[in-house]
Each structure stands twice: as structure tokens, then as C-alpha cells.
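Undergrad: Supplied structure: input-v4.cif, mmCIF, C-alpha atoms.
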data_input
loop_
_atom_site.label_atom_id
_atom_site.label_comp_id
_atom_site.auth_asym_id
_atom_site.auth_seq_id
_atom_site.Cartn_x
_atom_site.Cartn_y
_atom_site.Cartn_z
CA MET A 1 -1.52 -89.42 290.67
CA ASN A 2 -2.42 -87.46 287.58
CA GLU A 3 -0.94 -86.67 284.19
CA TYR A 4 1.47 -84.16 285.74
CA THR A 5 2.95 -86.37 288.48
CA TYR A 6 5.79 -87.89 286.47
CA PRO A 7 6.74 -84.70 284.60
CA ILE A 8 6.89 -82.82 287.89
CA LEU A 9 9.00 -85.53 289.55
CA PHE A 10 11.23 -85.52 286.50
CA GLY A 11 11.63 -81.73 286.51
CA VAL A 12 12.40 -81.56 290.21
CA THR A 13 14.96 -84.36 289.92
CA ILE A 14 16.70 -82.62 287.03
CA GLY A 15 16.75 -79.36 288.99
CA VAL A 16 18.25 -80.94 292.10
CA LEU A 17 20.82 -82.81 290.00
CA THR A 18 21.80 -79.55 288.32
CA ARG A 19 22.29 -77.92 291.73
CA LEU A 20 24.39 -80.86 292.95
CA TYR A 21 26.46 -80.69 289.81
CA LEU A 22 27.09 -76.97 290.33
CA LEU A 23 27.88 -77.48 294.02
CA LYS A 24 31.44 -78.60 293.68
CA THR A 25 33.75 -78.40 296.65
CA ASP A 26 36.94 -77.06 295.22
CA TYR A 27 40.28 -75.89 296.54
CA ARG A 28 38.71 -72.60 297.57
CA GLN A 29 37.23 -74.67 300.39
CA TYR A 30 33.73 -73.35 300.22
CA PRO A 31 31.23 -74.85 300.87
CA THR A 32 33.17 -77.49 302.72
CA TYR A 33 30.69 -78.09 305.43
CA LEU A 34 27.87 -80.56 305.39
CA HIS A 35 25.39 -78.04 306.75
CA GLY A 36 26.35 -75.45 304.20
CA LYS A 37 25.74 -78.04 301.52
CA ILE A 38 22.36 -79.02 302.93
CA ILE A 39 21.20 -75.39 302.86
CA HIS A 40 22.14 -75.09 299.21
CA ILE A 41 20.63 -78.41 298.20
CA ALA A 42 17.39 -77.53 300.02
CA LEU A 43 17.21 -74.18 298.28
CA GLY A 44 18.01 -75.91 295.02
CA PHE A 45 15.09 -78.25 295.65
CA ILE A 46 12.75 -75.28 296.18
CA ALA A 47 14.06 -73.63 293.02
CA ALA A 48 13.56 -76.85 291.08
CA GLY A 49 9.99 -77.11 292.37
CA LEU A 50 9.20 -73.56 291.31
CA GLY A 51 10.64 -74.03 287.84
CA THR A 52 8.76 -77.28 287.37
CA ILE A 53 5.35 -76.18 288.65
CA ALA A 54 5.35 -73.16 286.32
CA VAL A 55 4.79 -75.41 283.27
CA PRO A 56 1.61 -77.26 284.35
CA ALA A 57 0.35 -73.96 285.80
CA ILE A 58 0.52 -72.35 282.37
CA MET A 59 -1.07 -75.39 280.75
CA GLU A 60 -3.99 -75.28 283.21
CA LYS A 61 -4.34 -71.52 282.54
CA GLU A 62 -3.51 -70.81 286.20
CA PHE A 63 -1.59 -67.67 285.36
CA ALA A 64 -1.72 -66.34 288.92
CA ALA A 65 0.56 -69.21 289.93
CA ILE A 66 3.34 -67.72 287.83
CA THR A 67 3.58 -64.79 290.23
CA PHE A 68 5.20 -67.26 292.62
CA LEU A 69 8.31 -66.94 290.49
CA ALA A 70 8.56 -63.31 291.61
CA LEU A 71 8.50 -64.54 295.18
CA ALA A 72 11.30 -66.92 294.30
CA ALA A 73 13.46 -64.06 293.03
CA SER A 74 13.29 -62.29 296.38
CA GLN A 75 14.01 -65.58 298.18
CA PHE A 76 17.16 -66.14 296.22
CA ARG A 77 18.31 -62.59 296.67
CA ASP A 78 18.36 -63.49 300.35
CA VAL A 79 20.69 -66.36 299.50
CA ARG A 80 23.12 -63.79 298.19
CA ASN A 81 22.83 -61.74 301.37
CA MET A 82 23.31 -64.83 303.50
CA GLU A 83 26.47 -65.82 301.63
CA ARG A 84 27.85 -62.31 301.77
CA ASN A 85 27.24 -61.96 305.50
CA THR A 86 28.64 -65.35 306.40
CA LEU A 87 31.80 -64.93 304.35
CA ASN A 88 32.34 -61.37 305.57
CA GLU A 89 32.16 -62.56 309.15
CA LEU A 90 34.55 -65.43 308.54
CA ASP A 91 36.94 -63.26 306.55
CA GLN A 92 38.01 -61.37 309.67
CA TYR A 93 39.59 -64.53 311.01
CA GLU A 94 41.45 -65.55 307.87
CA LEU A 95 45.23 -65.20 307.90
CA VAL A 96 44.99 -64.03 304.30
CA PRO A 97 41.47 -62.65 303.77
CA ARG A 98 39.42 -63.26 300.63
CA GLY A 99 38.57 -59.61 300.21
CA LYS A 100 35.16 -58.08 299.55
CA THR A 101 35.31 -58.37 295.77
CA TYR A 102 35.88 -62.11 295.92
CA ILE A 103 33.10 -62.54 298.49
CA GLU A 104 30.68 -60.55 296.36
CA GLY A 105 31.63 -62.73 293.41
CA ILE A 106 30.93 -65.93 295.36
CA ALA A 107 27.60 -64.54 296.62
CA ILE A 108 26.49 -63.64 293.09
CA VAL A 109 27.37 -67.11 291.90
CA PHE A 110 25.25 -68.74 294.61
CA GLU A 111 22.24 -66.62 293.66
CA GLY A 112 22.78 -67.19 289.95
CA ARG A 113 22.98 -70.96 290.35
CA ASN A 114 19.46 -71.10 291.77
CA TYR A 115 18.10 -69.31 288.70
CA LEU A 116 19.92 -71.81 286.51
CA VAL A 117 18.17 -74.58 288.46
CA ILE A 118 14.78 -72.95 287.80
CA PHE A 119 15.70 -72.70 284.11
CA ALA A 120 16.80 -76.34 283.91
CA SER A 121 13.65 -77.62 285.64
CA PHE A 122 11.36 -75.45 283.56
CA LEU A 123 12.95 -76.50 280.29
CA SER A 124 12.97 -80.23 281.02
CA THR A 125 9.40 -80.33 282.37
CA PHE A 126 8.21 -78.33 279.39
CA ALA A 127 9.84 -80.72 276.92
CA TYR A 128 8.43 -83.74 278.80
CA LEU A 129 4.88 -82.37 278.79
CA VAL A 130 4.85 -81.08 275.24
CA TRP A 131 6.59 -84.07 273.64
CA ASN A 132 7.82 -87.02 275.71
CA ILE A 133 10.33 -88.08 278.36
CA TRP A 134 13.14 -88.63 275.85
CA LEU A 135 13.00 -85.08 274.61
CA GLY A 136 12.74 -84.09 278.27
CA ILE A 137 16.09 -85.78 278.86
CA VAL A 138 17.56 -84.04 275.82
CA ALA A 139 16.31 -80.69 277.15
CA ALA A 140 17.84 -81.49 280.55
CA ALA A 141 21.18 -82.26 278.90
CA ILE A 142 21.07 -78.95 277.03
CA ALA A 143 20.22 -77.12 280.27
CA PHE A 144 23.18 -78.86 281.98
CA ILE A 145 25.55 -77.72 279.24
CA VAL A 146 24.20 -74.16 279.31
CA ALA A 147 24.49 -74.07 283.13
CA ARG A 148 28.05 -75.31 282.93
CA LYS A 149 28.94 -72.77 280.29
CA LEU A 150 27.39 -69.89 282.21
CA MET A 151 29.00 -70.87 285.49
CA SER A 152 32.58 -71.29 284.35
CA GLY A 153 34.06 -67.81 284.20
CA SER A 154 37.45 -67.04 282.75
CA ARG A 155 40.69 -67.74 284.60
CA LEU A 156 43.65 -65.51 285.27
CA GLY A 157 45.76 -67.68 282.97
CA ASP A 158 43.67 -66.42 280.04
CA ILE A 159 44.68 -62.81 280.54
CA VAL A 160 48.18 -62.85 282.07
CA GLU A 161 51.51 -64.61 281.76
CA VAL A 162 52.98 -65.82 285.06
CA GLU A 163 56.70 -65.77 285.68
CA TYR A 164 58.66 -66.80 288.79
CA VAL A 165 61.14 -64.29 290.19
CA LYS A 166 63.14 -64.69 293.39
CA PRO A 167 62.42 -61.77 295.74
CA HIS A 168 65.43 -59.69 296.78
CA PHE A 169 66.34 -56.78 299.06
CA LYS A 170 67.82 -53.41 298.21
CA GLY A 171 68.67 -52.09 301.64
CA ALA A 172 65.48 -52.49 303.64
CA GLY A 173 63.26 -52.49 300.54
CA LEU A 174 61.82 -55.82 299.40
CA TYR A 175 61.54 -56.15 295.64
CA VAL A 176 60.02 -58.65 293.23
CA ASP A 177 61.85 -58.00 289.97
CA ASN A 178 61.80 -54.18 289.87
CA ILE A 179 58.51 -53.83 291.76
CA TYR A 180 58.77 -52.44 295.28
CA ILE A 181 56.78 -54.50 297.78
CA MET A 182 57.53 -53.15 301.27
CA ASN A 183 60.13 -52.01 303.77
CA ILE A 184 61.37 -54.60 306.24
CA GLY A 185 63.41 -53.19 309.11
CA LEU A 186 64.56 -56.27 311.02
CA GLU A 187 67.49 -58.26 309.69
CA ALA A 188 66.08 -61.51 311.10
CA ARG A 189 62.81 -60.90 309.22
CA ARG A 190 64.68 -60.27 305.99
CA GLU A 191 66.42 -63.61 306.28
CA GLU A 192 63.09 -65.32 306.96
CA ILE A 193 61.52 -63.64 303.97
CA LEU A 194 64.36 -64.64 301.67
CA ARG A 195 64.13 -68.22 302.92
CA TYR A 196 60.37 -68.66 302.65
CA GLY A 197 59.27 -65.98 300.20
CA MET A 198 58.43 -66.45 296.55
CA GLY A 199 57.86 -63.80 293.91
CA PHE A 200 55.79 -63.87 290.75
CA ILE A 201 55.32 -61.37 288.00
CA LEU A 202 51.96 -61.21 286.25
CA LYS A 203 52.39 -59.78 282.80
CA PRO A 204 49.07 -58.65 281.29
CA LYS A 205 48.45 -59.93 277.77
CA ASN A 206 46.49 -56.86 276.68
CA PHE A 207 45.25 -53.47 277.80
CA ASN A 208 42.02 -54.84 279.31
CA ALA A 209 43.95 -57.32 281.45
CA ARG A 210 46.12 -54.49 282.71
CA SER A 211 43.12 -52.79 284.32
CA THR A 212 41.63 -56.05 285.56
CA ILE A 213 44.70 -57.18 287.52
CA ALA A 214 45.14 -53.65 288.87
CA ASN A 215 41.91 -54.15 290.85
CA LEU A 216 42.74 -54.57 294.53
CA GLY A 217 40.02 -57.18 295.02
CA GLN A 218 41.39 -59.28 292.19
CA ARG A 219 44.88 -59.11 293.67
CA GLN A 220 43.60 -60.09 297.11
CA ALA A 221 41.78 -63.05 295.53
CA ILE A 222 45.08 -64.26 294.05
CA LEU A 223 46.82 -63.99 297.42
CA HIS A 224 43.99 -65.81 299.18
CA ASP A 225 43.78 -68.66 296.70
CA ILE A 226 47.50 -69.29 296.68
CA SER A 227 47.68 -69.14 300.49
CA THR A 228 44.80 -71.58 300.78
CA ALA A 229 46.38 -74.04 298.39
CA LEU A 230 50.03 -73.85 299.47
CA GLY A 231 49.70 -72.81 303.11
CA VAL A 232 51.04 -69.59 304.54
CA TYR A 233 54.09 -68.82 306.68
CA ARG A 234 52.56 -66.33 309.11
CA ASP A 235 50.54 -65.97 312.28
CA SER A 236 48.52 -63.30 313.99
CA GLY A 237 50.79 -60.60 315.39
CA THR A 238 53.32 -60.87 312.56
CA PRO A 239 52.11 -58.18 310.18
CA ALA A 240 55.53 -58.06 308.51
CA LEU A 241 55.01 -61.55 307.11
CA VAL A 242 52.10 -60.69 304.87
CA PRO A 243 51.64 -61.71 301.24
CA LEU A 244 51.31 -58.62 299.05
CA ALA A 245 50.69 -57.71 295.43
CA LYS A 246 51.99 -54.44 294.05
CA ARG A 247 51.81 -52.86 290.66
CA ASP A 248 54.41 -51.50 288.28
CA LEU A 249 52.93 -48.14 287.32
CA ASP A 250 54.81 -47.99 284.04
CA ASP A 251 53.56 -51.09 282.30
CA GLY A 252 50.79 -52.48 284.54
CA ARG A 253 52.63 -55.65 285.55
CA VAL A 254 51.78 -56.91 289.02
CA GLY A 255 54.38 -58.31 291.39
CA ILE A 256 53.08 -60.99 293.74
CA PHE A 257 54.97 -61.70 296.93
CA ILE A 258 53.86 -64.78 298.90
CA LEU A 259 55.11 -66.81 301.85
CA PRO A 260 53.92 -70.36 301.21
CA GLN A 261 54.54 -73.31 303.45
CA GLU A 262 55.03 -75.52 300.43
CA LYS A 263 57.59 -73.87 298.15
CA ASP A 264 56.76 -75.34 294.75
CA VAL A 265 57.16 -72.99 291.79
CA GLU A 266 55.22 -75.04 289.25
CA LYS A 267 52.27 -75.64 291.58
CA ALA A 268 52.16 -71.97 292.54
CA LYS A 269 52.15 -70.95 288.88
CA ALA A 270 49.33 -73.37 288.13
CA ILE A 271 47.29 -72.00 291.05
CA ILE A 272 47.77 -68.39 289.96
CA ARG A 273 46.69 -69.28 286.42
CA ASN A 274 43.61 -70.98 287.88
CA VAL A 275 42.44 -68.03 289.98
CA PRO A 276 39.06 -66.88 288.66
CA THR A 277 38.94 -63.42 287.11
CA LEU A 278 36.34 -61.75 289.29
CA GLU A 279 33.28 -60.43 287.51
CA ASN A 280 33.45 -57.23 289.47
CA ALA A 281 37.10 -56.68 288.63
CA ILE A 282 36.91 -57.19 284.87
CA ARG A 283 37.45 -53.97 282.95
CA MET A 284 37.14 -53.49 279.21
CA PRO A 285 38.66 -50.12 278.37
CA THR A 286 39.10 -51.13 274.72
CA LYS A 287 35.31 -51.48 274.41
CA SER A 288 34.83 -47.82 275.24
CA GLU A 289 33.64 -45.86 272.21
CA THR A 290 36.48 -43.38 272.40
CA ASN A 291 39.01 -46.20 272.30
CA GLN A 292 37.38 -47.88 269.29
CA THR A 293 38.94 -45.25 267.02
CA GLY A 294 42.43 -43.84 266.74
CA ARG A 295 45.55 -45.37 268.27
CA VAL A 296 45.15 -48.96 269.41
CA LEU A 297 45.68 -49.48 273.15
CA ARG A 298 48.17 -52.11 274.22
CA MET B 1 40.08 -47.46 319.14
CA THR B 2 41.92 -48.87 316.16
CA VAL B 3 45.14 -47.17 315.23
CA GLU B 4 45.98 -47.04 311.56
CA LYS B 5 49.16 -45.86 309.90
CA MET B 6 50.83 -44.50 312.98
CA ILE B 7 54.39 -44.48 314.20
CA LEU B 8 54.24 -46.29 317.53
CA ALA B 9 57.90 -46.21 318.43
CA VAL B 10 61.29 -45.08 317.16
CA ILE B 11 64.43 -47.12 317.80
CA THR B 12 67.74 -45.52 317.00
CA THR B 13 71.45 -45.46 317.73
CA SER B 14 71.68 -41.77 316.71
CA PRO B 15 69.35 -39.90 319.09
CA HIS B 16 70.19 -36.50 317.58
CA LYS B 17 68.24 -37.51 314.44
CA VAL B 18 64.97 -37.92 316.32
CA ALA B 19 62.77 -35.30 317.93
CA GLY B 20 59.58 -36.39 319.62
CA GLY B 21 57.73 -39.69 319.63
CA VAL B 22 58.40 -42.69 321.81
CA THR B 23 62.12 -43.09 321.26
CA PHE B 24 64.36 -45.93 322.35
CA VAL B 25 68.02 -45.05 322.20
CA CYS B 26 70.33 -48.03 321.77
CA GLU B 27 74.07 -48.55 322.16
CA ASN B 28 74.63 -50.53 318.99
CA ASN B 29 72.94 -52.16 316.01
CA GLU B 30 72.53 -55.52 317.73
CA GLU B 31 70.61 -53.98 320.61
CA MET B 32 68.51 -51.93 318.17
CA GLN B 33 67.52 -55.08 316.27
CA ARG B 34 66.64 -56.93 319.45
CA ILE B 35 64.49 -54.13 320.86
CA ALA B 36 62.76 -53.62 317.51
CA ALA B 37 61.99 -57.34 317.26
CA ASN B 38 60.44 -57.28 320.71
CA LEU B 39 58.44 -54.14 320.04
CA GLU B 40 57.23 -55.53 316.71
CA ALA B 41 55.81 -58.55 318.49
CA ILE B 42 54.35 -56.57 321.38
CA LEU B 43 52.76 -53.80 319.32
CA ASP B 44 51.57 -55.92 316.37
CA GLY B 45 53.33 -53.47 314.09
CA ILE B 46 55.97 -53.71 311.39
CA ALA B 47 59.54 -52.55 311.90
CA HIS B 48 60.64 -50.37 308.99
CA ALA B 49 64.16 -49.12 308.42
CA LEU B 50 64.52 -45.47 307.44
CA SER B 51 68.29 -45.67 307.50
CA ASP B 52 70.92 -47.98 308.97
CA ASP B 53 70.65 -46.41 312.40
CA LEU B 54 66.94 -45.62 312.54
CA LEU B 55 63.99 -48.01 312.79
CA ILE B 56 60.33 -47.19 313.29
CA ILE B 57 57.46 -49.44 314.34
CA VAL B 58 54.35 -48.69 312.31
CA LYS B 59 50.84 -50.04 312.77
CA HIS B 60 49.24 -50.70 309.37
#
How does this structure look as C-alpha cells?

TA:
Amino acid sequence: MNEYTYPILFGVTIGVLTRLYLLKTDYRQYPTYLHGKIIHIALGFIAAGLGTIAVPAIMEKEFAAITFLALAASQFRDVRNMERNTLNELDQYELVPRGKTYIEGIAIVFEGRNYLVIFASFLSTFAYLVWNIWLGIVAAAIAFIVARKLMSGSRLGDIVEVEYVKPHFKGAGLYVDNIYIMNIGLEARREEILRYGMGFILKPKNFNARSTIANLGQRQAILHDISTALGVYRDSGTPALVPLAKRDLDDGRVGIFILPQEKDVEKAKAIIRNVPTLENAIRMPTKSETNQTGRVLR
Amino acid sequence: MTVEKMILAVITTSPHKVAGGVTFVCENNEEMQRIAANLEAILDGIAHALSDDLLIIVKH
């Protein structure tokens, strides 16, 4: 036992608590598994340790110890690789795949969360050592709030309006509103699709949103989330029964066609609004210098 | 080998409209629908209608 024992214990505890807090099992069903959770908690523990130890190391003028943080960065980059590989492998066996953009987004989040843990541990240990435990707790609370803020991205509901439209056929062509989805040749299939299918129109609220929802990865993420939450009426070997999202080229609206097992319009709308806007899909054409002047884009 | 975007079979009641490909000529619309449904399941493809008397099975 020395003067650093309690601050270090405190810092590590705060770090692990932050990781647990960020490790929510949500409707996206990942990580659902106990082992997956244990891996992330263990890594969170290591991250917390690294963040905590950095403070006494500086105070004891052991600057070489700080280089361990560089080691940590490469460790956590591996976390990202691990997530990406696992999810890519599993994606092949999904009835409605997540898509690479969504997977990359999830992988980035898992890496980022470990850095937030380091930050939280560092900050709380620092406050404890410099002042006292109470200010340490205050620092931990601030770190919690910052972590929460940084980890909650925007939702689709912020950038689009969702409207329910019943899908219909013109000849063999399946339409959601005026957006062409696909050609269905068999009459029996058409009946099935009319019975089980649901259509939604996503109307972008501004020009930036128009480009964001045009991204194929973002559209696949919507289809995956809604199929996870409401079930999906399809099986392997029935490629005709596939949820699809197509775009109206004129005004950038996106037509979503889904085949849920649970046909509930309000729930479906709520799920679509709750789909995360993927970091890698977000586009900001209005921020471009050329677009800052002249006619305003809508 | 994975086949992508390829016409696997043609099912029609008007054979004079088709030249080449694996063609199934049917007597009537009912038979055409039945054969197309079977082929769709067997080939893991989608049956698309080009006109009322012409269906194709496409692997996507």
C-alpha cells in the first residue's frame, strides 16, 4: 500500500464502470453474447489501467512509462480489426445483412470507446491525486457525460421525415409511391408481397440529408435494423422476397420496401427514425466552399 | 463459380419471341407460372416478367 493505491483503484473502477455503461445491449443485438461482453470488459479494464497509471507515472517523473500509451493505441486498433472480421464473417449468414458501412461504423465505435475509458480513468485519477476524492468523483461524472455525448451519434429521424405508403404493382413492377423497386414475375409472389410488404418514403429534410440517405451502406443499415426488430418474411432460396431501398433520382427521396413478420406501421416508423446515421455515410455538400456562396442548395 | 446477373432460363407461351437460351415453352399462363415458380426455387433466382407471355429467371 502506498499513496497511489487508492487513486489507482479509484481510476480503474471509474474506467471499468464507463466501459460497462457504454456496453449496452440494444435492439441491434450486438454484443448479445456473454463471451463477447467479457472480451470488451477485459479490454476496458486494461484501458482503464493504462489511463490510471499514466498519472502517477508523470508525478514520479517516469516519463518512459507514458510510451505504454502508444502500445495501447495499437492494441485497441486490433479491437477494431477483431470486430470488423467477426461481423463480416457473421454477415454472410444474415437473412438481411448489415452491410460493410454499418460494420465499419460498429468497429470504429468499439475502438473509440476504449479511448474514452482511458480518458475517463486519466481524468478521475488526476483529479483525485491533485485535489481529493470528491473532485475525483466530479471529474468522473464529467468524463461520463462527455463519453455519453461523444458516443451518441445522430439518428435518421433528425434528417428525414418518414411516411408510410402501401406498396403497389404496375404490371410486374413493384412500386413504393412512385419509386420503382423491382420486377416480380410470379403472380403468387405478387400476392405474397402485397399481403406482407410495407413501404416507407424517407423524405430528406435538407440537401445534406439527401446525399446521406443515398449512401448504399446507410440504406442497408435501415433494412437490417428494421428486419432485426420486426422480423423478416423470407428464407434462403427466395431472393424475390428481399427488402430493398431505392432512390427517386429527381428529389432524393428514398423508398423503403420491407417484408416484416410483425406488420405494425407505428413501430416500423419509430425504428426507422431510430436508425443511426452512419459516420461513414454522412455527407455535407453544403459545407463545401463552392456551395457557401451563390444559390442555396435545398 | 458464382453467377451474377445472368439469365438462367426463359419461360414463355410465345416461342417465336425467344431465340437462344434455356427456353421452356408452355401451353398456357397457368403452366408458365407453375414452371417459373419451380425454377425460381430450384435455381435460387428471381422470376421477372418482361411481358405477359414471357418470364425470365435471373440470378442476382

Undergrad: For chain B, report every residue with an atom at most 12 Å from chain A (counting only C-alpha atoms), formatted as a VMD selection string.

TA: chain B and resid 10 to 12 29 to 60

Undergrad: I need the output of the PyMOL selection byres ((chain A and resi 157) around 10) for this file as a list in words; which residues are they?

TA: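 This file gives the following for the PyMOL selection byres ((chain A and resi 157) around 10): Ser154, Arg155, Leu156, Asp158, Ile159, Val160, Glu161, Val162, Leu202, Pro204, Lys205, Lys269, Ala270, Ile271, Ile272, Arg273, Asn274, Val275, Pro276 and Thr277 of chain A.
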
Undergrad: Restricting it to C-alpha atoms, dump the selection as a PDB file, in the coordinates of the input.

TA:
ATOM      1  CA  SER A 154      37.450 -67.040 282.750  1.00  0.00           C
ATOM      2  CA  ARG A 155      40.690 -67.740 284.600  1.00  0.00           C
ATOM      3  CA  LEU A 156      43.650 -65.510 285.270  1.00  0.00           C
ATOM      4  CA  ASP A 158      43.670 -66.420 280.040  1.00  0.00           C
ATOM      5  CA  ILE A 159      44.680 -62.810 280.540  1.00  0.00           C
ATOM      6  CA  VAL A 160      48.180 -62.850 282.070  1.00  0.00           C
ATOM      7  CA  GLU A 161      51.510 -64.610 281.760  1.00  0.00           C
ATOM      8  CA  VAL A 162      52.980 -65.820 285.060  1.00  0.00           C
ATOM      9  CA  LEU A 202      51.960 -61.210 286.250  1.00  0.00           C
ATOM     10  CA  PRO A 204      49.070 -58.650 281.290  1.00  0.00           C
ATOM     11  CA  LYS A 205      48.450 -59.930 277.770  1.00  0.00           C
ATOM     12  CA  LYS A 269      52.150 -70.950 288.880  1.00  0.00           C
ATOM     13  CA  ALA A 270      49.330 -73.370 288.130  1.00  0.00           C
ATOM     14  CA  ILE A 271      47.290 -72.000 291.050  1.00  0.00           C
ATOM     15  CA  ILE A 272      47.770 -68.390 289.960  1.00  0.00           C
ATOM     16  CA  ARG A 273      46.690 -69.280 286.420  1.00  0.00           C
ATOM     17  CA  ASN A 274      43.610 -70.980 287.880  1.00  0.00           C
ATOM     18  CA  VAL A 275      42.440 -68.030 289.980  1.00  0.00           C
ATOM     19  CA  PRO A 276      39.060 -66.880 288.660  1.00  0.00           C
ATOM     20  CA  THR A 277      38.940 -63.420 287.110  1.00  0.00           C
TER      21      THR A 277
END

Undergrad: Please indicate the distance in Å from atom CA of A:Gly105 to atom CA of A:Leu20, rounded to one decimal place.

TA: 19.5 Å

Undergrad: Name all residues at most 8 Å from A:Pro260 (count all atoms listed in the file; drop same-chain ones fewer than 4 positions away) and give them as a ChimeraX atom specification.

TA: /A:196-198,226-227,230-233

Undergrad: Extract, using all atoms listed in the file, all DNA, RNA and protein residues at most 10 Å from stretch 126-129 of chain A, discarding same-chain residues fewer than 5 positions from it, and format them as a ChimeraX atom specification.

TA: /A:3-4,6-8,10-11,51-56,59,120-121,134-140

Undergrad: Just the selected residues (C-alpha atoms), exported as a tab-separated table (two decimals), keeping the file's coordinate frame, please.

TA:
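This went into result07.tsv:
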chain	number	residue	atom	x	y	z
A	3	GLU	CA	-0.94	-86.67	284.19
A	4	TYR	CA	1.47	-84.16	285.74
A	6	TYR	CA	5.79	-87.89	286.47
A	7	PRO	CA	6.74	-84.70	284.60
A	8	ILE	CA	6.89	-82.82	287.89
A	10	PHE	CA	11.23	-85.52	286.50
A	11	GLY	CA	11.63	-81.73	286.51
A	51	GLY	CA	10.64	-74.03	287.84
A	52	THR	CA	8.76	-77.28	287.37
A	53	ILE	CA	5.35	-76.18	288.65
A	54	ALA	CA	5.35	-73.16	286.32
A	55	VAL	CA	4.79	-75.41	283.27
A	56	PRO	CA	1.61	-77.26	284.35
A	59	MET	CA	-1.07	-75.39	280.75
A	120	ALA	CA	16.80	-76.34	283.91
A	121	SER	CA	13.65	-77.62	285.64
A	134	TRP	CA	13.14	-88.63	275.85
A	135	LEU	CA	13.00	-85.08	274.61
A	136	GLY	CA	12.74	-84.09	278.27
A	137	ILE	CA	16.09	-85.78	278.86
A	138	VAL	CA	17.56	-84.04	275.82
A	139	ALA	CA	16.31	-80.69	277.15
A	140	ALA	CA	17.84	-81.49	280.55

Undergrad: Work out how far apart atom CA of A:Ala214 and atom CA of A:Leu95 are and give it in Å to one decimal.

TA: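 A separation of 22.3 Å between them.
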
Undergrad: Where does the PyMOL selection byres ((chain B and resi 25) around 6) land in this file, that is, which residues does it pick, as a PDB file with C-alpha atoms, in the frame of the given file?

TA:
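Output (selection-v7.pdb):
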ATOM      1  CA  THR B  12      67.740 -45.520 317.000  1.00  0.00           C
ATOM      2  CA  THR B  13      71.450 -45.460 317.730  1.00  0.00           C
ATOM      3  CA  PHE B  24      64.360 -45.930 322.350  1.00  0.00           C
ATOM      4  CA  CYS B  26      70.330 -48.030 321.770  1.00  0.00           C
TER       5      CYS B  26
END

Undergrad: Is it possible to get the residues within 12 Å of (33.5, -72.2, 286.8) (coordinates as in the file, counting all atoms listed in the file) written as a PyMOL selection string?

TA: chain A and resi 21-26+28+105-106+109-110+113+147-155+274-279

Undergrad: Can you work out the spacing between atom CA of B:Glu27 and atom CA of B:Pro15 in Å, to one decimal?

TA: 10.3 Å

Undergrad: For this structure, which residues satisfy the selection - the PyMOL selection byres ((chain A and resi 217) around 7) - when it is evaluated on the file as given? I want them as a list in words.

TA: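 This file, filtered by the PyMOL selection byres ((chain A and resi 217) around 7), leaves Gly99, Lys100, Thr101, Tyr102, Asn215, Leu216, Gln218, Arg219, Gln220 and Ala221 of chain A.
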
Undergrad: Using only C-alpha atoms, which residues sit within 10 Å of A:Val79 once same-chain residues fewer than 6 positions away are excluded, as a list of chain:residue names?

TA: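 Counting only C-alpha atoms, the residues come to A:Ile39, A:His40, A:Leu43, A:Ala73, A:Asn85, A:Ala107, A:Ile108, A:Phe110, A:Glu111, A:Gly112, A:Asn114.
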
Undergrad: Calculated over only C-alpha atoms, which of the candidates A:Leu71, A:Ala47, A:Ala281, A:Ile193 has the smallest distance to A:Arg234?

TA: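 Going through A:Leu71, A:Ala47, A:Ala281, A:Ile193 one by one, the smallest distance to A:Arg234 is for A:Ile193.
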
Undergrad: Just want the 9 Å neighbourhood of A:Ile46, counted on all atoms listed in the file, with same-chain residues fewer than 4 positions away dropped. Output as a list in words.

TA: Val12, Val16, Ile41, Ala42, Leu50, Gly51, Ala72 and Ile118 of chain A

Undergrad: Would you list the residues near (51.0, -43.9, 315.5) (no more than 9 Å away, in the coordinates of the file, using all atoms listed in the file) as a PDB file with C-alpha atoms, keeping the file's coordinate frame?

TA:
ATOM      1  CA  VAL B   3      45.140 -47.170 315.230  1.00  0.00           C
ATOM      2  CA  GLU B   4      45.980 -47.040 311.560  1.00  0.00           C
ATOM      3  CA  LYS B   5      49.160 -45.860 309.900  1.00  0.00           C
ATOM      4  CA  MET B   6      50.830 -44.500 312.980  1.00  0.00           C
ATOM      5  CA  ILE B   7      54.390 -44.480 314.200  1.00  0.00           C
ATOM      6  CA  LEU B   8      54.240 -46.290 317.530  1.00  0.00           C
ATOM      7  CA  ALA B   9      57.900 -46.210 318.430  1.00  0.00           C
ATOM      8  CA  GLY B  21      57.730 -39.690 319.630  1.00  0.00           C
ATOM      9  CA  ILE B  57      57.460 -49.440 314.340  1.00  0.00           C
ATOM     10  CA  VAL B  58      54.350 -48.690 312.310  1.00  0.00           C
ATOM     11  CA  LYS B  59      50.840 -50.040 312.770  1.00  0.00           C
TER      12      LYS B  59
END
